[in-house]
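Student: Just passing along the structure, written as structure tokens.
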Amino acid sequence: MTPFILVIFGATGDLAQHKLIPALFALFKTNHLPKDFYIIGFSRREFKDEEFHSYFKPQLEDPKWKDFTSHLFYQSASFEEKNGYENLNKKLLEIDEKLGACIARFFYLATPPDHYETILEKLVETKLSEGCGHDKGNWTRLIIEKPFGKDLDTAKALDKKLAEIFEEKQIFRVDHYLGKETVQNMLAFRFANGIFEPVWKKEYIDHVQITFAQDEGVGTRGKFFDGIGILRDIAQNHLLQLLAAVAMESPKSFTKEDLRDARAEVIKNVKVADNNSIIRGQYEGYKDEKDVEKDSDTETFVAMKMFVNTKRFNGVPFYVRAGKKLKKEVVEISVVFIQTCHILFKEYGCPEIGNVITFRIQPNEGISLRFIAKTPGAKLGLESVDMKFNYKEGFGTSGLEAYERVLLDIFAGDQTLFNRSDELESSWKFITEILTKWEQNKSDLLTYEQGTLGPDRSNELIEQDDKKWLLI
Ligand code: BG6
């Protein structure tokens, strides 16, 4: 693997602290990183390198941390002032000189999105965006985190700005759910197993349920989350990508553009069932959280009934919900098949729900298949039972953590698991329509008790169609 320099803007923020640095450290420990690599944290806090190293408390005890910190540097600077970038540039040139070559530079925007524009402008102003070497585009990459914009217009404007500065092959728009082993496995499950693909369509599928439940609240991220809300934070990206993994057509190949085409086609065709099919909620006590406005109307829960208007899925309802401070910490997708109680069994009573395939994205990553079995005993009776596969038991490992995979792909220049701009545009189009409706009617924000599964209305959303959430 070739040497690289990774500059993390917002290096003292939540993302760097909880995801990026731990993922880089894990890759280091498993020998996934080259001999020569440099990570430079760029943030406002006044830290010396050593203070920056000590900032990562959970890692400090690890005997390998010290070795890792010899690759970890810090540039204290404001995002608005040019001199910080100039100092950064000096550091980069020193590294180039030391190694006697132009080293690949990755600029990771891990700041709240309101800093993106300023940082991009400064990268241009100081020519850092231009990189070095012969084929400059190959050696400079820009990594940008979600939320990518606040709505369709701002997302388009941001994309335009990026396109003015970088070539498409240099831009990595992160949605770390695409890097989850379990999400990728859904495609293997669907397309590598001949027994499932033929029934993966509206003629056999009754409906799909997706639950993205988090037991934590906003915690220390109030400043980031308030005013953004769960629709932008999770639905616009992670939820739609999960839905795309269920509904996409078989890609022509597993190459970058074919996979992105298949995902984009689903997202372009997603619709909310009707105006009454979106429930939004806020957990009790949210307004008292740190850095949250006292009169905030930011939603911490959303549930929707949606349709995917493709030939394969047209008319099949997708019930999706995502929320914070819920009863459980679980991300799960269930594909519920049409229950056709065979005439032979009608008089013995068929279970209400027949076949269900459940993908457990986390925790206890795995897949289960619910089917109907005869209950033991002399009398003929039927009940649903589960056949289960669990990653840890099956393979002895749950694989790479999502950010480890995301980072490795960035280093390798593989954009398959990153959003293309048309995918983003379609998802923002969908989300912006909802946001506009919410703007017009602020009174429909429901409060829900912490430790539940959101407002009761989200149960009615599915029960009115004579179905039930399977995860309760
Ligand atoms: C992030 C969201 O993208 O994903 C967070 O900003 C959310 O609000 C997180 O908690 C969930 O990711 P994971 O990998 O912990 O399930």
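Order determines the names: the first chain of the structure tokens is A, the second B, and so forth; residues in each chain are numbered 1 upward, and ligands are numbered 1 upward as they are shown.
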Taking a cut-off of 10 Å and counting only C-alpha atoms and all ligand atoms, can you build a table that, for each residue of chain A near ligand 1, reports the nearest atom pair and how far apart they are in Å (one decimal), sorted by chain then residue number, as a Markdown table?
Tutor:
| residue | atom | partner | partner_atom_place_in_ligand_line | distance |
| --- | --- | --- | --- | --- |
| A:Asp14 | CA | ligand 1 | 6 (O) | 9.8 |
| A:Leu15 | CA | ligand 1 | 6 (O) | 8.6 |
| A:His18 | CA | ligand 1 | 15 (O) | 9.4 |
| A:Lys19 | CA | ligand 1 | 14 (O) | 8.6 |
| A:Glu145 | CA | ligand 1 | 3 (O) | 8.5 |
| A:Lys146 | CA | ligand 1 | 3 (O) | 7.0 |
| A:Pro147 | CA | ligand 1 | 6 (O) | 8.0 |
| A:Val174 | CA | ligand 1 | 3 (O) | 9.3 |
| A:Asp175 | CA | ligand 1 | 3 (O) | 7.2 |
| A:His176 | CA | ligand 1 | 14 (O) | 7.0 |
| A:Tyr177 | CA | ligand 1 | 14 (O) | 6.8 |
| A:Gly179 | CA | ligand 1 | 14 (O) | 9.5 |
| A:Lys180 | CA | ligand 1 | 14 (O) | 8.0 |
| A:Phe212 | CA | ligand 1 | 16 (O) | 8.4 |
| A:Ala213 | CA | ligand 1 | 16 (O) | 9.1 |
| A:Gln214 | CA | ligand 1 | 10 (O) | 7.1 |
| A:Asp215 | CA | ligand 1 | 10 (O) | 9.6 |
| A:Glu216 | CA | ligand 1 | 10 (O) | 8.1 |
| A:Gly217 | CA | ligand 1 | 10 (O) | 8.8 |
| A:Val218 | CA | ligand 1 | 8 (O) | 7.6 |
| A:Arg221 | CA | ligand 1 | 8 (O) | 8.4 |
| A:Phe224 | CA | ligand 1 | 6 (O) | 8.8 |
| A:Phe225 | CA | ligand 1 | 8 (O) | 7.6 |
| A:Ile228 | CA | ligand 1 | 6 (O) | 9.9 |
| A:Gly229 | CA | ligand 1 | 8 (O) | 9.0 |
| A:Ile230 | CA | ligand 1 | 8 (O) | 7.4 |
| A:Arg232 | CA | ligand 1 | 6 (O) | 9.0 |
| A:Asp233 | CA | ligand 1 | 6 (O) | 5.2 |
| A:Ile234 | CA | ligand 1 | 2 (C) | 6.0 |
| A:Ala235 | CA | ligand 1 | 2 (C) | 9.8 |
| A:Asn237 | CA | ligand 1 | 3 (O) | 8.1 |
| A:His238 | CA | ligand 1 | 3 (O) | 7.3 |
| A:Thr300 | CA | ligand 1 | 8 (O) | 9.7 |
| A:Gly323 | CA | ligand 1 | 8 (O) | 9.3 |
| A:Lys324 | CA | ligand 1 | 10 (O) | 8.3 |
| A:Glu329 | CA | ligand 1 | 16 (O) | 8.8 |
| A:Val330 | CA | ligand 1 | 16 (O) | 8.4 |
| A:Val331 | CA | ligand 1 | 16 (O) | 7.5 |
| A:Ile361 | CA | ligand 1 | 16 (O) | 8.7 |
| A:Gln362 | CA | ligand 1 | 16 (O) | 7.4 |
| A:Pro363 | CA | ligand 1 | 16 (O) | 9.0 |
| A:Glu401 | CA | ligand 1 | 14 (O) | 8.5 |
| A:Ala402 | CA | ligand 1 | 14 (O) | 7.0 |
| A:Tyr403 | CA | ligand 1 | 14 (O) | 8.3 |
Student: I'd like to know which residues of segment 46-153 of chain A are alpha helix (DSSP H) (by DSSP, run on the backbone); could you write them as a PyMOL selection string?
Tutor: chain A and resi 49-54+57-60+65-69+82-99+116-125+136-139+152-153
Student: Could you list, as an MDAnalysis selection string, every residue within 12 Å of Ala244 of chain A, counting only C-alpha atoms and ignoring same-chain residues fewer than 4 positions away?
Tutor: chainID A and resid 177:178 183:184 186:187 208 210 236:240 248:251 259:270 307:308 310 313 318 333 423 427
Student: Output C-alpha atoms for every residue in that selection, as a compact mmCIF listing (two decimals), in the first residue's frame.
Tutor:
# COMPACT_ATOMS: atom_id res chain seq x y z
CA TYR A 177 -23.97 2.26 6.17
CA LEU A 178 -22.79 1.28 2.72
CA VAL A 183 -25.60 -4.35 4.18
CA GLN A 184 -23.19 -5.68 1.59
CA MET A 186 -27.78 -8.44 1.59
CA LEU A 187 -26.70 -8.29 -2.03
CA VAL A 208 -41.12 -4.68 4.06
CA ILE A 210 -37.20 -1.31 8.39
CA GLN A 236 -31.92 10.78 3.83
CA ASN A 237 -28.91 8.50 3.82
CA HIS A 238 -28.77 5.33 5.94
CA LEU A 239 -32.47 4.44 5.73
CA LEU A 240 -32.72 5.02 2.00
CA MET A 248 -32.56 -2.76 -6.17
CA GLU A 249 -32.48 -4.72 -9.38
CA SER A 250 -29.57 -7.02 -9.97
CA PRO A 251 -26.66 -4.76 -10.93
CA LEU A 259 -23.82 -0.83 -8.46
CA ARG A 260 -24.34 2.90 -8.15
CA ASP A 261 -26.78 2.77 -11.08
CA ALA A 262 -28.81 0.07 -9.37
CA ARG A 263 -28.95 2.01 -6.09
CA ALA A 264 -29.76 5.28 -7.82
CA GLU A 265 -32.66 3.73 -9.72
CA VAL A 266 -34.39 2.72 -6.47
CA ILE A 267 -33.88 6.03 -4.74
CA LYS A 268 -35.23 7.89 -7.76
CA ASN A 269 -38.45 5.89 -7.51
CA VAL A 270 -39.20 6.19 -3.81
CA PHE A 307 -43.62 2.77 -2.03
CA VAL A 308 -40.91 2.02 -4.54
CA THR A 310 -40.37 -0.01 -9.91
CA PHE A 313 -41.86 -3.55 -6.10
CA PHE A 318 -42.31 -0.27 2.94
CA ILE A 333 -35.01 -5.16 7.98
CA GLU A 423 -28.20 9.28 -5.82
CA SER A 427 -32.70 11.35 -2.00
Student: If you run DSSP over the backbone, which residues in segment 151-353 of chain A end up strand (DSSP E or B)? Put them as a VMD selection string.
Tutor: chain A and resid 171 to 173 205 to 213 270 to 272 278 to 283 301 to 308 318 to 323 326 330 to 337
Student: I'd like the contact shell of Phe52 of chain A - 9 Å cut-off, only C-alpha atoms, skipping same-chain residues fewer than 5 positions apart - returned as a list of chain:residue names.
Tutor: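 Listed by chain and then number, they are A:Thr12, A:Gly41, A:Phe47, A:Leu72, A:Phe73, A:Tyr74.
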Student: Atom CA of Glu404 of chain A and atom CA of Leu27 of chain A, how far apart in Å?
Tutor: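 Distance reported for this atom pair: 6.6 Å.
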Student: Figure out the distance between atom CA of Gly194 of chain A and atom CA of Gln241 of chain A, please, to one decimal in Å.
Tutor: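 One can read the atom CA of Gln241 of chain A to atom CA of Gly194 of chain A distance as 23.3 Å.
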Student: For Lys468 of chain A, which residue out of A:Lys64, A:Lys160, A:Lys392, A:His207 is the nearest one, using only C-alpha atoms?
Tutor: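 That would be A:His207, the residue with the smallest distance to Lys468 of chain A.
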Student: Thr154 of chain A: which residues within 12 Å, counting only C-alpha atoms, same-chain residues fewer than 6 positions away excluded, as a list in words?
Tutor: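 Contacts, in chain order: Pro113, Asp114, Tyr116, Glu117, Pro147, Phe148, Lys160, Lys161, Leu424, Glu425, Trp428, Lys429 and Thr432 of chain A.
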Student: Taking into account only C-alpha atoms, which residue in the set A:Ala245, A:Leu123, A:Ile8, A:Ala273 is nearest to Ile143 of chain A?
Tutor: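 Among the listed residues, A:Ile8 lies closest to Ile143 of chain A.
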Student: Set the distance at 6 Å and use only C-alpha atoms: which residues neighbour Gly381 of chain A once local chain neighbours fewer than 5 positions away are removed? I'd like the list as a PyMOL selection string.
Tutor: chain A and resi 348+374-375
Student: Output all heavy atoms for every residue in the selection just made, as a PDB file, in the first residue's frame.
Tutor:
ATOM      1  N   TYR A 348     -56.929 -26.105  10.301  1.00  0.00           N
ATOM      2  CA  TYR A 348     -56.084 -26.260  11.497  1.00  0.00           C
ATOM      3  C   TYR A 348     -55.535 -24.913  11.982  1.00  0.00           C
ATOM      4  O   TYR A 348     -54.846 -24.849  12.979  1.00  0.00           O
ATOM      5  CB  TYR A 348     -54.930 -27.223  11.202  1.00  0.00           C
ATOM      6  CG  TYR A 348     -55.424 -28.552  10.717  1.00  0.00           C
ATOM      7  CD1 TYR A 348     -55.398 -28.860   9.362  1.00  0.00           C
ATOM      8  CD2 TYR A 348     -55.978 -29.470  11.608  1.00  0.00           C
ATOM      9  CE1 TYR A 348     -55.887 -30.066   8.915  1.00  0.00           C
ATOM     10  CE2 TYR A 348     -56.478 -30.672  11.161  1.00  0.00           C
ATOM     11  CZ  TYR A 348     -56.429 -30.980   9.805  1.00  0.00           C
ATOM     12  OH  TYR A 348     -56.932 -32.167   9.368  1.00  0.00           O
ATOM     13  N   LYS A 374     -44.896 -27.785  11.833  1.00  0.00           N
ATOM     14  CA  LYS A 374     -45.947 -28.501  12.569  1.00  0.00           C
ATOM     15  C   LYS A 374     -45.566 -28.513  14.042  1.00  0.00           C
ATOM     16  O   LYS A 374     -44.422 -28.822  14.391  1.00  0.00           O
ATOM     17  CB  LYS A 374     -46.059 -29.929  12.040  1.00  0.00           C
ATOM     18  CG  LYS A 374     -47.087 -30.748  12.773  1.00  0.00           C
ATOM     19  CD  LYS A 374     -46.974 -32.224  12.424  1.00  0.00           C
ATOM     20  CE  LYS A 374     -47.718 -33.076  13.441  1.00  0.00           C
ATOM     21  NZ  LYS A 374     -47.228 -32.943  14.795  1.00  0.00           N
ATOM     22  N   THR A 375     -46.486 -28.192  14.892  1.00  0.00           N
ATOM     23  CA  THR A 375     -46.176 -28.250  16.321  1.00  0.00           C
ATOM     24  C   THR A 375     -46.102 -29.728  16.723  1.00  0.00           C
ATOM     25  O   THR A 375     -46.852 -30.555  16.203  1.00  0.00           O
ATOM     26  CB  THR A 375     -47.261 -27.531  17.155  1.00  0.00           C
ATOM     27  OG1 THR A 375     -48.534 -27.955  16.670  1.00  0.00           O
ATOM     28  CG2 THR A 375     -47.151 -26.042  17.068  1.00  0.00           C
TER      29      THR A 375
END
Student: Report, in Å with one decimal, the straight-line distance from atom CA of Asp96 of chain A to atom CA of Glu46 of chain A.
Tutor: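 For atom CA of Asp96 of chain A relative to atom CA of Glu46 of chain A, the distance reads 25.4 Å.
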